[in-house]
file structure-v1.cif (mmCIF, C-alpha atoms)
data_work
#
loop_
_atom_site.label_atom_id
_atom_site.label_comp_id
_atom_site.auth_asym_id
_atom_site.auth_seq_id
_atom_site.Cartn_x
_atom_site.Cartn_y
_atom_site.Cartn_z
CA MET A 1 123.16 77.19 101.77
CA ALA A 2 120.78 76.58 98.87
CA GLN A 3 120.25 79.68 96.76
CA ILE A 4 117.06 81.64 97.37
CA THR A 5 115.50 83.53 94.46
CA ALA A 6 112.79 86.17 94.30
CA THR A 7 110.37 86.82 91.45
CA CYS A 8 108.11 89.86 91.32
CA CYS A 9 104.78 90.09 89.53
CA PRO A 10 101.80 92.46 89.50
CA ALA A 11 99.45 91.44 92.29
CA THR A 12 96.66 90.69 89.83
CA ASP A 13 98.91 88.17 88.02
CA LEU A 14 99.51 85.96 91.06
CA PRO A 15 98.88 82.39 89.84
CA ASP A 16 96.15 80.37 91.55
CA GLY A 17 98.63 77.68 92.56
CA GLU A 18 100.82 80.22 94.36
CA ALA A 19 97.75 81.72 96.05
CA ASP A 20 96.93 78.25 97.40
CA VAL A 21 100.45 77.93 98.84
CA TRP A 22 100.10 81.39 100.39
CA ARG A 23 96.85 80.36 102.09
CA ALA A 24 98.53 77.18 103.32
CA PHE A 25 101.24 79.26 105.02
CA GLN A 26 98.49 81.32 106.65
CA GLY A 27 96.78 78.18 107.87
CA GLN A 28 99.99 77.03 109.56
CA GLN A 29 100.46 80.24 111.56
CA PRO A 30 97.51 81.79 113.49
CA ALA A 31 99.24 85.18 113.49
CA PHE A 32 98.81 85.28 109.69
CA ALA A 33 95.09 84.46 109.74
CA ASN A 34 93.78 87.97 109.04
CA PRO A 35 92.46 88.39 105.46
CA LEU A 36 94.59 91.52 105.02
CA MET A 37 97.62 89.23 104.93
CA GLY A 38 96.20 86.94 102.26
CA PRO A 39 96.48 86.64 98.46
CA ASP A 40 92.91 87.71 97.78
CA PHE A 41 93.45 91.08 99.43
CA ALA A 42 96.66 91.45 97.41
CA ARG A 43 94.72 90.82 94.20
CA ALA A 44 92.01 93.29 95.25
CA ILE A 45 94.64 96.01 95.73
CA GLY A 46 96.17 95.08 92.38
CA ARG A 47 92.86 95.76 90.66
CA VAL A 48 92.94 99.40 91.77
CA ARG A 49 96.68 100.19 92.05
CA ASP A 50 99.19 99.59 89.24
CA ASP A 51 102.11 99.68 91.70
CA ALA A 52 100.87 96.64 93.65
CA GLU A 53 103.40 93.80 93.57
CA VAL A 54 103.77 90.33 95.02
CA VAL A 55 107.24 88.89 95.59
CA THR A 56 107.47 85.09 95.61
CA TYR A 57 110.53 83.50 97.21
CA ARG A 58 111.84 80.04 96.24
CA ARG A 59 114.61 77.76 97.39
CA GLU A 60 115.56 75.02 94.91
CA GLY A 61 112.26 75.59 93.14
CA GLN A 62 110.20 75.26 96.32
CA ILE A 63 108.11 78.27 97.39
CA ILE A 64 109.18 79.46 100.83
CA GLY A 65 107.44 82.81 101.18
CA PHE A 66 105.49 85.82 99.89
CA LEU A 67 105.65 89.57 100.38
CA GLY A 68 103.17 92.12 99.08
CA LEU A 69 104.33 95.69 98.57
CA HIS A 70 103.99 99.03 96.82
CA ARG A 71 107.34 99.86 95.21
CA ARG A 72 108.13 103.56 95.24
CA PRO A 73 111.10 105.48 93.75
CA GLY A 74 114.59 104.95 95.16
CA GLY A 75 114.05 101.41 96.40
CA PHE A 76 111.49 102.47 99.03
CA ALA A 77 108.42 100.27 99.63
CA ARG A 78 105.26 100.20 101.71
CA PRO A 79 102.98 97.32 102.67
CA LEU A 80 100.46 96.28 100.05
CA GLY A 81 97.26 98.23 100.60
CA ALA A 82 98.74 100.92 102.85
CA PRO A 83 97.23 102.74 104.66
CA PHE A 84 94.53 100.04 104.85
CA ALA A 85 97.17 97.39 105.64
CA ASP A 86 96.58 97.44 109.38
CA TYR A 87 98.61 94.22 109.39
CA HIS A 88 101.29 93.02 106.99
CA ALA A 89 103.91 90.29 107.07
CA LEU A 90 106.54 88.33 105.24
CA ILE A 91 104.43 85.19 104.86
CA THR A 92 106.61 82.11 105.36
CA GLY A 93 106.94 78.88 107.28
CA PRO A 94 108.84 78.87 110.61
CA ALA A 95 112.33 78.42 109.09
CA PRO A 96 112.48 79.95 105.61
CA GLY A 97 116.28 80.19 105.50
CA MET A 98 116.27 83.97 105.07
CA ASP A 99 115.53 86.96 107.25
CA GLY A 100 113.54 90.10 106.50
CA PRO A 101 116.39 92.30 105.26
CA GLN A 102 117.62 89.49 102.99
CA ALA A 103 114.12 89.12 101.58
CA LEU A 104 113.95 92.85 100.89
CA ALA A 105 117.38 92.87 99.25
CA LEU A 106 116.38 89.98 96.97
CA ALA A 107 113.37 92.02 95.88
CA GLY A 108 115.49 95.12 95.20
CA ILE A 109 114.09 97.02 98.20
CA THR A 110 116.40 99.21 100.28
CA ALA A 111 113.87 100.49 102.83
CA PHE A 112 110.50 99.14 103.89
CA ARG A 113 108.05 101.22 105.88
CA HIS A 114 106.16 99.14 108.44
CA ILE A 115 102.75 100.33 109.65
CA GLY A 116 101.51 97.09 111.24
CA LEU A 117 104.22 94.43 111.08
CA VAL A 118 103.27 90.94 112.21
CA ASP A 119 106.46 88.90 112.62
CA PRO A 120 105.86 85.66 114.56
CA HIS A 121 109.07 84.05 113.25
CA GLY A 122 111.28 87.03 114.23
CA LEU A 123 112.60 87.63 110.72
CA PHE A 124 112.95 91.42 110.95
CA PRO A 125 115.21 93.51 113.19
CA PRO A 126 113.36 95.18 116.07
CA VAL A 127 111.26 98.19 115.10
CA GLY A 128 109.02 100.46 117.13
CA THR A 129 105.61 99.34 118.34
CA GLY A 130 102.41 100.99 117.28
CA PRO A 131 99.12 101.29 119.16
CA ASP A 132 97.78 97.97 120.45
CA ALA A 133 95.39 96.13 118.14
CA PHE A 134 92.15 94.73 119.56
CA ALA A 135 89.93 91.82 118.61
CA ILE A 136 86.75 90.20 119.86
CA GLU A 137 86.73 86.44 120.30
CA ALA A 138 83.88 84.73 122.14
CA PRO A 139 84.65 80.99 122.21
CA GLU A 140 82.18 80.44 125.05
CA GLY A 141 79.46 82.34 123.25
CA PRO A 142 78.22 85.94 123.08
CA ASP A 143 76.34 85.82 126.38
CA ALA A 144 79.44 84.77 128.32
CA HIS A 145 81.54 87.47 126.65
CA LEU A 146 78.99 90.20 127.36
CA GLU A 147 78.57 89.03 130.95
CA ALA A 148 82.34 89.27 131.45
CA MET A 149 82.20 92.82 130.08
CA ARG A 150 79.34 93.70 132.41
CA ALA A 151 81.23 92.33 135.41
CA ALA A 152 84.36 94.32 134.47
CA SER A 153 82.54 97.64 133.91
CA PRO A 154 79.05 97.47 135.42
CA ARG A 155 78.38 101.21 135.32
CA LYS A 156 79.43 101.59 131.70
CA PHE A 157 77.49 98.52 130.69
CA LYS A 158 74.35 99.73 132.46
CA ASN A 159 74.60 103.10 130.72
CA TRP A 160 75.10 101.47 127.29
CA ARG A 161 72.04 99.31 127.85
CA ARG A 162 70.01 102.37 128.82
CA LEU A 163 71.06 104.20 125.65
CA SER A 164 70.36 101.11 123.51
CA ASN A 165 66.85 101.02 124.93
CA ARG A 166 66.40 104.64 123.93
CA LEU A 167 67.58 103.79 120.41
CA ALA A 168 64.97 101.04 120.29
CA GLU A 169 62.29 103.66 120.88
CA LEU A 170 62.90 104.73 117.25
CA GLY A 171 61.94 101.21 116.14
CA PRO A 172 62.99 97.60 116.67
CA LEU A 173 66.78 97.13 116.54
CA ARG A 174 67.82 95.05 113.53
CA PHE A 175 71.40 93.90 113.00
CA ASP A 176 72.50 92.02 109.92
CA GLN A 177 74.62 91.87 106.79
CA SER A 178 73.54 94.52 104.31
CA ARG A 179 73.82 94.47 100.53
CA SER A 180 72.40 97.98 100.19
CA ARG A 181 74.57 100.41 98.26
CA ASN A 182 72.66 103.24 99.96
CA ASP A 183 73.82 101.93 103.34
CA LEU A 184 77.43 101.82 102.14
CA ASP A 185 77.25 105.33 100.72
CA ALA A 186 75.86 106.59 104.03
CA LEU A 187 78.67 104.96 106.02
CA LEU A 188 81.34 106.38 103.72
CA THR A 189 79.76 109.85 103.79
CA TRP A 190 79.56 109.89 107.58
CA LYS A 191 83.19 108.77 107.80
CA SER A 192 84.40 111.48 105.43
CA GLU A 193 82.44 114.07 107.42
CA GLN A 194 84.11 112.81 110.59
CA PHE A 195 87.56 113.18 109.01
CA ASP A 196 86.73 116.74 107.97
CA ARG A 197 85.25 117.62 111.34
CA THR A 198 88.30 116.40 113.26
CA GLY A 199 90.91 117.70 110.82
CA LEU A 200 92.21 114.24 109.91
CA GLN A 201 93.15 113.29 106.36
CA ASP A 202 90.22 111.80 104.47
CA VAL A 203 91.64 108.44 103.40
CA LEU A 204 88.45 107.79 101.42
CA ARG A 205 89.03 110.66 98.99
CA PRO A 206 91.54 109.16 96.49
CA LEU A 207 90.06 107.49 93.41
CA TRP A 208 91.82 104.19 94.08
CA VAL A 209 90.26 103.97 97.55
CA ARG A 210 86.78 104.59 96.18
CA ALA A 211 87.38 101.95 93.54
CA LEU A 212 88.63 99.51 96.21
CA MET A 213 85.55 99.95 98.38
CA SER A 214 83.25 99.48 95.41
CA ASP A 215 85.18 96.41 94.22
CA LEU A 216 85.12 94.78 97.65
CA PHE A 217 81.42 95.52 98.04
CA HIS A 218 80.81 93.27 95.03
CA THR A 219 83.47 90.64 95.89
CA GLU A 220 82.21 87.34 97.25
CA THR A 221 84.35 84.21 96.91
CA PRO A 222 84.69 81.11 99.13
CA ASP A 223 87.95 82.44 100.66
CA PHE A 224 87.41 86.19 100.75
CA ARG A 225 84.65 88.79 100.48
CA GLY A 226 83.68 92.29 101.35
CA LEU A 227 81.28 92.44 104.29
CA MET A 228 79.09 95.26 105.54
CA LEU A 229 77.23 94.93 108.82
CA THR A 230 74.59 97.46 109.80
CA LEU A 231 72.35 98.31 112.71
CA HIS A 232 68.92 99.80 112.07
CA ALA A 233 66.37 101.12 114.51
CA GLY A 234 63.17 100.62 112.58
CA ASP A 235 63.87 102.24 109.22
CA THR A 236 66.69 104.43 110.56
CA LEU A 237 70.28 103.43 109.81
CA VAL A 238 72.09 103.72 113.15
CA GLY A 239 75.59 102.75 111.99
CA GLY A 240 77.73 100.07 110.45
CA HIS A 241 81.08 98.49 109.70
CA PHE A 242 82.54 97.69 106.30
CA GLY A 243 85.64 95.64 105.59
CA VAL A 244 86.84 92.21 104.54
CA PHE A 245 86.02 88.70 105.75
CA GLY A 246 87.85 85.43 105.24
CA GLN A 247 88.35 82.12 107.02
CA GLY A 248 86.28 83.18 110.02
CA THR A 249 88.02 86.54 110.58
CA TYR A 250 86.30 89.85 109.95
CA HIS A 251 88.40 93.00 109.64
CA PRO A 252 86.38 96.20 109.14
CA TRP A 253 88.06 99.49 108.26
CA ILE A 254 85.02 101.74 108.02
CA ALA A 255 83.23 102.20 111.33
CA SER A 256 80.75 105.05 111.26
CA THR A 257 77.49 106.00 112.91
CA ASN A 258 74.58 108.30 112.26
CA PRO A 259 75.73 111.72 113.52
CA SER A 260 72.16 112.69 114.44
CA LEU A 261 72.16 109.86 117.01
CA ALA A 262 75.54 110.64 118.59
CA HIS A 263 73.91 111.41 121.94
CA LEU A 264 72.74 107.79 122.14
CA SER A 265 76.22 106.24 121.82
CA PRO A 266 75.34 104.29 118.66
CA GLY A 267 78.83 102.79 118.30
CA ASN A 268 78.47 100.90 121.56
CA ALA A 269 74.98 99.72 120.64
CA PHE A 270 76.40 98.46 117.34
CA LEU A 271 79.19 96.44 118.98
CA ASP A 272 76.76 94.93 121.48
CA GLN A 273 74.61 93.69 118.61
CA ALA A 274 77.66 92.62 116.57
CA ILE A 275 78.91 90.33 119.34
CA ARG A 276 75.48 88.73 119.63
CA ALA A 277 75.42 88.11 115.86
CA MET A 278 78.92 86.61 115.51
CA PRO A 279 77.88 82.91 115.64
CA ARG A 280 75.14 83.18 113.02
CA LEU A 281 77.39 85.23 110.73
CA GLY A 282 80.25 82.71 111.01
CA ILE A 283 82.61 85.26 112.60
CA ALA A 284 85.09 83.65 114.99
CA VAL A 285 87.40 86.69 115.23
CA TYR A 286 86.06 90.24 114.97
CA ASP A 287 89.30 92.18 114.47
CA LEU A 288 88.88 95.82 115.41
CA GLY A 289 92.44 96.74 114.39
CA PRO A 290 94.89 99.07 116.14
CA GLY A 291 94.30 102.31 117.98
CA HIS A 292 91.30 104.03 119.62
CA ASP A 293 91.78 102.13 122.88
CA HIS A 294 89.00 104.03 124.67
CA TYR A 295 86.42 102.71 122.21
CA LYS A 296 87.71 99.22 121.39
CA GLN A 297 89.30 97.96 124.59
CA PRO A 298 86.09 97.60 126.65
CA TRP A 299 84.60 95.26 124.02
CA ALA A 300 87.72 93.30 123.09
CA SER A 301 88.92 90.02 124.52
CA THR A 302 92.41 90.04 123.01
CA ARG A 303 95.05 92.64 122.23
CA LYS A 304 98.40 92.48 120.46
CA GLN A 305 101.26 94.73 119.44
CA VAL A 306 102.35 95.37 115.86
CA GLY A 307 105.57 96.84 114.50
CA VAL A 308 105.94 100.34 113.08
CA GLY A 309 109.05 101.95 111.63
CA LEU A 310 111.60 101.22 108.91
CA THR A 311 113.67 98.25 107.95
CA LEU A 312 116.77 99.54 106.15
CA VAL A 313 118.92 97.44 103.84
CA GLY A 314 122.56 98.45 103.35
CA ARG A 315 123.96 101.93 102.90
CA ARG A 316 121.46 102.90 100.22
CA GLY A 317 118.65 102.37 102.67
CA ARG A 318 120.16 104.83 105.13
CA GLY A 319 119.53 107.60 102.63
CA LEU A 320 115.79 106.98 102.94
CA LEU A 321 115.72 107.44 106.70
CA THR A 322 114.03 110.83 106.37
CA LEU A 323 110.95 109.09 104.94
CA GLY A 324 110.29 107.56 108.34
CA SER A 325 111.85 106.54 111.57
CA THR A 326 112.13 103.47 113.70
CA ASP A 327 111.07 105.63 116.66
CA TRP A 328 108.36 108.23 116.13
CA ALA A 329 107.02 108.06 119.62
CA SER A 330 107.94 110.86 122.00
CA GLY A 331 110.61 113.03 123.54
CA ALA A 332 112.13 116.22 122.22
CA ALA A 333 111.60 115.10 118.64
CA ALA A 334 107.85 114.51 119.13
CA PRO A 335 106.67 117.58 117.11
CA LEU A 336 108.94 116.62 114.21
CA ALA A 337 107.78 113.01 114.55
CA LYS A 338 104.15 114.13 114.21
CA VAL A 339 104.99 116.03 111.03
CA ARG A 340 106.83 112.99 109.66
CA ARG A 341 103.87 110.75 110.44
CA ARG A 342 101.46 113.09 108.70
CA LEU A 343 103.63 113.48 105.59
CA ASP A 344 104.20 109.75 105.37
CA HIS A 345 100.48 109.10 105.79
CA ILE A 346 99.67 111.56 103.02
CA ALA A 347 102.19 109.86 100.73
CA ALA A 348 100.77 106.42 101.51
CA VAL A 349 97.14 107.40 100.93
CA ASP A 350 97.55 109.04 97.55
CA PRO A 351 100.38 108.12 95.16
CA THR A 352 99.56 110.98 92.76
CA PRO A 353 101.36 114.35 93.01
CA THR A 354 98.06 116.25 92.74
CA GLY A 355 96.42 114.20 95.46
CA ARG A 356 99.36 114.67 97.80
CA ALA A 357 99.42 118.41 97.21
CA LEU A 358 95.70 118.72 97.96
CA ALA A 359 96.08 116.60 101.10
CA LEU A 360 98.95 118.79 102.29
CA VAL A 361 96.86 121.94 101.79
CA HIS A 362 94.00 120.31 103.70
CA ALA A 363 96.38 119.36 106.52
CA MET A 364 97.59 122.96 106.84
CA ARG A 365 94.04 124.29 106.92
CA ALA A 366 93.06 121.71 109.53
CA ILE A 367 95.74 122.72 112.05
CA PRO A 368 93.44 125.10 114.02
CA ARG A 369 90.83 122.35 114.41
CA ARG A 370 93.42 119.81 115.53
CA LEU A 371 94.95 122.21 118.07
CA ALA A 372 91.60 123.24 119.51
CA PRO A 373 90.56 121.76 122.90
CA GLY A 374 89.09 118.33 122.28
CA GLY A 375 90.60 118.19 118.79
CA ALA A 376 91.77 115.02 117.08
CA VAL A 377 94.78 113.15 118.39
CA GLU A 378 97.41 112.09 115.89
CA GLY A 379 97.21 108.33 115.37
#
call {"tool": "encode", "arguments": {"input": "structure-v1.cif", "output": "structure tokens"}}
result
Amino acid sequence: MAQITATCCPATDLPDGEADVWRAFQGQQPAFANPLMGPDFARAIGRVRDDAEVVTYRREGQIIGFLGLHRRPGGFARPLGAPFADYHALITGPAPGMDGPQALALAGITAFRHIGLVDPHGLFPPVGTGPDAFAIEAPEGPDAHLEAMRAASPRKFKNWRRLSNRLAELGPLRFDQSRSRNDLDALLTWKSEQFDRTGLQDVLRPLWVRALMSDLFHTETPDFRGLMLTLHAGDTLVGGHFGVFGQGTYHPWIASTNPSLAHLSPGNAFLDQAIRAMPRLGIAVYDLGPGHDHYKQPWASTRKQVGVGLTLVGRRGRGLLTLGSTDWASGAAAPLAKVRRRLDHIAAVDPTPTGRALALVHAMRAIPRRLAPGGAVEG
């Protein structure tokens, strides 16, 4: 077998030629099409995190794959951009000549924490599955998609239309791309308030996350850009999504709505308008990401599973098992699993000791809110 080599570089130093090869791999495999799995997202993370790396794999001088990661102490690694890496992958062709554990070993990684593994070539050993991920695709047009929704849930659809009409009483509904920093600040503020209200960790608090959102807001290249979509009723901002767009796929992370309009179900009004706007905005796939089935599933046309858990490499990797588990789902260990998930999430969100300590204090204070009837559900 020809020798395979791995070279690591800071994500910001990825050469343009290698980025082109990376995009070519994405173009060959539809499962890799999301912009979160591309080189431009890797570079964006590199601009705000100094532990962002890209590993390039070669066989006889020919590039055969890429892996983005955050390298942590002891040979542990997380996907590049975690916890915003809703999807991540070892980007290769269909027969790279190596599997996932071999790729990790070549990069000096003994344990890799998956939070949304996409593995169409079956390179990694089986891991657990996370919440289903949902996406909106309307190849026959928005009207056909919305009619299919109405036929599937006529009562819900009728109620959403009634509430949208009440929203329109505030002023004409206007849905479009926004370049307003005030709109972005409002969306981020509402999201942080939601995290605080429900007792969830505010992933928008760390400095690197704020810097990332600001950087993406100003990023606009032919292959990749930040994109904010908003719905207004007259002059009132109803809600919006903010995330990344590339090659026809939009992946928003921030979905927030005006809390003063909560009684009018503004999130559903937003998605109704978003589907109608997809053709003129050039969006072929509106990827809603994993989790929150009750909200996303009624609007989505496709769903998929992603991998969660750990890939361990050799005996040294076994020593990192306490950082995660290949099965955090249920059973007698469920309470411990929930604690593990929360601690791992805290560690992924903020790499600084101070930030992690503050997040842990916040988590302890939030326990009464999370245990109260109707409190947040661990995701």
call {"tool": "residues_around", "arguments": {"input": "structure-v1.cif", "residues": "Ile283 in chain A", "least_positions_apart": "6", "cutoff": "10 Å", "atoms": "only C-alpha atoms", "output": "list in words"}}
result
Ile136, Glu137, Ala138, Phe245, Gly246, Gln247, Gly248, Thr249, Tyr250, Ala274, Ile275 and Ala277 of chain A
call {"tool": "resolve_selection", "arguments": {"input": "structure-v1.cif", "expression": "the PyMOL selection byres ((chain A and resi 97) around 12)", "output": "PyMOL selection string"}}
result
chain A and resi 1-5+57-60+63-65+92-96+98-100+102-103+121+123
call {"tool": "resolve_selection", "arguments": {"input": "structure-v1.cif", "expression": "the PyMOL selection byres ((chain A and resi 214) around 12)", "output": "MDAnalysis selection string"}}
result
chainID A and resid 44:45 47:48 179:181 184:185 188 204 207:213 215:219 225:228 242:243
call {"tool": "atom_distance", "arguments": {"input": "structure-v1.cif", "atom1": "CA of Phe175 in chain A", "atom2": "CA of Pro83 in chain A"}}
result
28.5 Å
call {"tool": "closest_residue", "arguments": {"input": "structure-v1.cif", "among": "A:Ala300, A:Leu237, A:Val21, A:Ala107", "to": "Gly171 in chain A", "atoms": "only C-alpha atoms"}}
result
A:Leu237
call {"tool": "resolve_selection", "arguments": {"input": "structure-v1.cif", "expression": "the PyMOL selection byres ((chain A and resi 312) around 6)", "output": "list in words"}}
result
Thr110, Ala111, Thr311, Val313 and Gly317 of chain A
call {"tool": "atom_distance", "arguments": {"input": "structure-v1.cif", "atom1": "CA of Val244 in chain A", "atom2": "CA of Leu163 in chain A"}}
result
29.0 Å
call {"tool": "closest_residue", "arguments": {"input": "structure-v1.cif", "among": "A:Gly314, A:Gly81, A:Gly309, A:Pro279", "to": "Val127 in chain A", "atoms": "all atoms listed in the file"}}
result
A:Gly309
call {"tool": "closest_residue", "arguments": {"input": "structure-v1.cif", "among": "A:Gly116, A:Pro259, A:Gly141, A:Gly46", "to": "Pro10 in chain A", "atoms": "all atoms listed in the file"}}
result
A:Gly46
call {"tool": "atom_distance", "arguments": {"input": "structure-v1.cif", "atom1": "CA of Ser153 in chain A", "atom2": "CA of Leu281 in chain A"}}
result
26.8 Å
call {"tool": "residues_near_point", "arguments": {"input": "structure-v1.cif", "point": "(98.6, 81.2, 96.1)", "cutoff": "12 Å", "atoms": "all atoms listed in the file", "output": "mmCIF file with C-alpha atoms, in the frame of the given file"}}
result
data_model
loop_
_atom_site.group_PDB
_atom_site.id
_atom_site.type_symbol
_atom_site.label_atom_id
_atom_site.label_comp_id
_atom_site.auth_asym_id
_atom_site.auth_seq_id
_atom_site.Cartn_x
_atom_site.Cartn_y
_atom_site.Cartn_z
ATOM 1 C CA ALA A 11 99.450 91.440 92.290
ATOM 2 C CA THR A 12 96.660 90.690 89.830
ATOM 3 C CA ASP A 13 98.910 88.170 88.020
ATOM 4 C CA LEU A 14 99.510 85.960 91.060
ATOM 5 C CA PRO A 15 98.880 82.390 89.840
ATOM 6 C CA ASP A 16 96.150 80.370 91.550
ATOM 7 C CA GLY A 17 98.630 77.680 92.560
ATOM 8 C CA GLU A 18 100.820 80.220 94.360
ATOM 9 C CA ALA A 19 97.750 81.720 96.050
ATOM 10 C CA ASP A 20 96.930 78.250 97.400
ATOM 11 C CA VAL A 21 100.450 77.930 98.840
ATOM 12 C CA TRP A 22 100.100 81.390 100.390
ATOM 13 C CA ARG A 23 96.850 80.360 102.090
ATOM 14 C CA ALA A 24 98.530 77.180 103.320
ATOM 15 C CA PHE A 25 101.240 79.260 105.020
ATOM 16 C CA GLN A 26 98.490 81.320 106.650
ATOM 17 C CA MET A 37 97.620 89.230 104.930
ATOM 18 C CA GLY A 38 96.200 86.940 102.260
ATOM 19 C CA PRO A 39 96.480 86.640 98.460
ATOM 20 C CA ASP A 40 92.910 87.710 97.780
ATOM 21 C CA PHE A 41 93.450 91.080 99.430
ATOM 22 C CA ALA A 42 96.660 91.450 97.410
ATOM 23 C CA ARG A 43 94.720 90.820 94.200
ATOM 24 C CA VAL A 54 103.770 90.330 95.020
ATOM 25 C CA VAL A 55 107.240 88.890 95.590
ATOM 26 C CA THR A 56 107.470 85.090 95.610
ATOM 27 C CA ILE A 63 108.110 78.270 97.390
ATOM 28 C CA ILE A 64 109.180 79.460 100.830
ATOM 29 C CA GLY A 65 107.440 82.810 101.180
ATOM 30 C CA PHE A 66 105.490 85.820 99.890
ATOM 31 C CA LEU A 67 105.650 89.570 100.380
ATOM 32 C CA ILE A 91 104.430 85.190 104.860
ATOM 33 C CA ASP A 223 87.950 82.440 100.660
#
call {"tool": "closest_residue", "arguments": {"input": "structure-v1.cif", "among": "A:Val238, A:Val285, A:Val308, A:Leu170", "to": "Pro35 in chain A", "atoms": "all atoms listed in the file"}}
result
A:Val285
call {"tool": "decode", "arguments": {"input": "structure-v1.cif", "residues": "range 28-66 of chain A", "atoms": "C-alpha atoms", "output": "JSON list (two decimals), in the first residue's frame"}}
result
[["chain", "number", "residue", "atom", "x", "y", "z"],
["A", 28, "GLN", "CA", -18.50, 14.88, -5.81],
["A", 29, "GLN", "CA", -20.49, 13.89, -2.71],
["A", 30, "PRO", "CA", -23.92, 15.51, -1.99],
["A", 31, "ALA", "CA", -23.62, 14.59, 1.69],
["A", 32, "PHE", "CA", -20.67, 17.03, 1.95],
["A", 33, "ALA", "CA", -22.50, 19.95, 0.32],
["A", 34, "ASN", "CA", -23.21, 21.93, 3.50],
["A", 35, "PRO", "CA", -20.98, 25.04, 3.85],
["A", 36, "LEU", "CA", -20.05, 23.99, 7.40],
["A", 37, "MET", "CA", -18.00, 21.19, 5.85],
["A", 38, "GLY", "CA", -16.10, 23.47, 3.48],
["A", 39, "PRO", "CA", -12.73, 25.25, 3.51],
["A", 40, "ASP", "CA", -14.20, 28.73, 3.81],
["A", 41, "PHE", "CA", -15.89, 27.90, 7.09],
["A", 42, "ALA", "CA", -12.60, 26.40, 8.30],
["A", 43, "ARG", "CA", -10.81, 29.66, 7.47],
["A", 44, "ALA", "CA", -13.52, 31.69, 9.20],
["A", 45, "ILE", "CA", -13.05, 29.67, 12.40],
["A", 46, "GLY", "CA", -9.28, 30.09, 12.06],
["A", 47, "ARG", "CA", -9.68, 33.86, 12.10],
["A", 48, "VAL", "CA", -11.21, 33.74, 15.58],
["A", 49, "ARG", "CA", -9.64, 30.62, 17.17],
["A", 50, "ASP", "CA", -5.88, 29.98, 17.32],
["A", 51, "ASP", "CA", -6.44, 26.24, 17.89],
["A", 52, "ALA", "CA", -8.18, 25.75, 14.53],
["A", 53, "GLU", "CA", -6.30, 23.28, 12.33],
["A", 54, "VAL", "CA", -6.71, 21.66, 8.94],
["A", 55, "VAL", "CA", -5.14, 18.27, 8.27],
["A", 56, "THR", "CA", -4.37, 17.50, 4.62],
["A", 57, "TYR", "CA", -3.84, 13.86, 3.65],
["A", 58, "ARG", "CA", -1.74, 12.78, 0.64],
["A", 59, "ARG", "CA", -0.86, 9.53, -1.04],
["A", 60, "GLU", "CA", 2.18, 9.68, -3.33],
["A", 61, "GLY", "CA", 1.85, 13.45, -3.38],
["A", 62, "GLN", "CA", -1.82, 13.37, -4.38],
["A", 63, "ILE", "CA", -4.33, 14.97, -1.99],
["A", 64, "ILE", "CA", -6.86, 12.40, -0.82],
["A", 65, "GLY", "CA", -8.65, 14.15, 2.03],
["A", 66, "PHE", "CA", -9.10, 16.91, 4.61]]
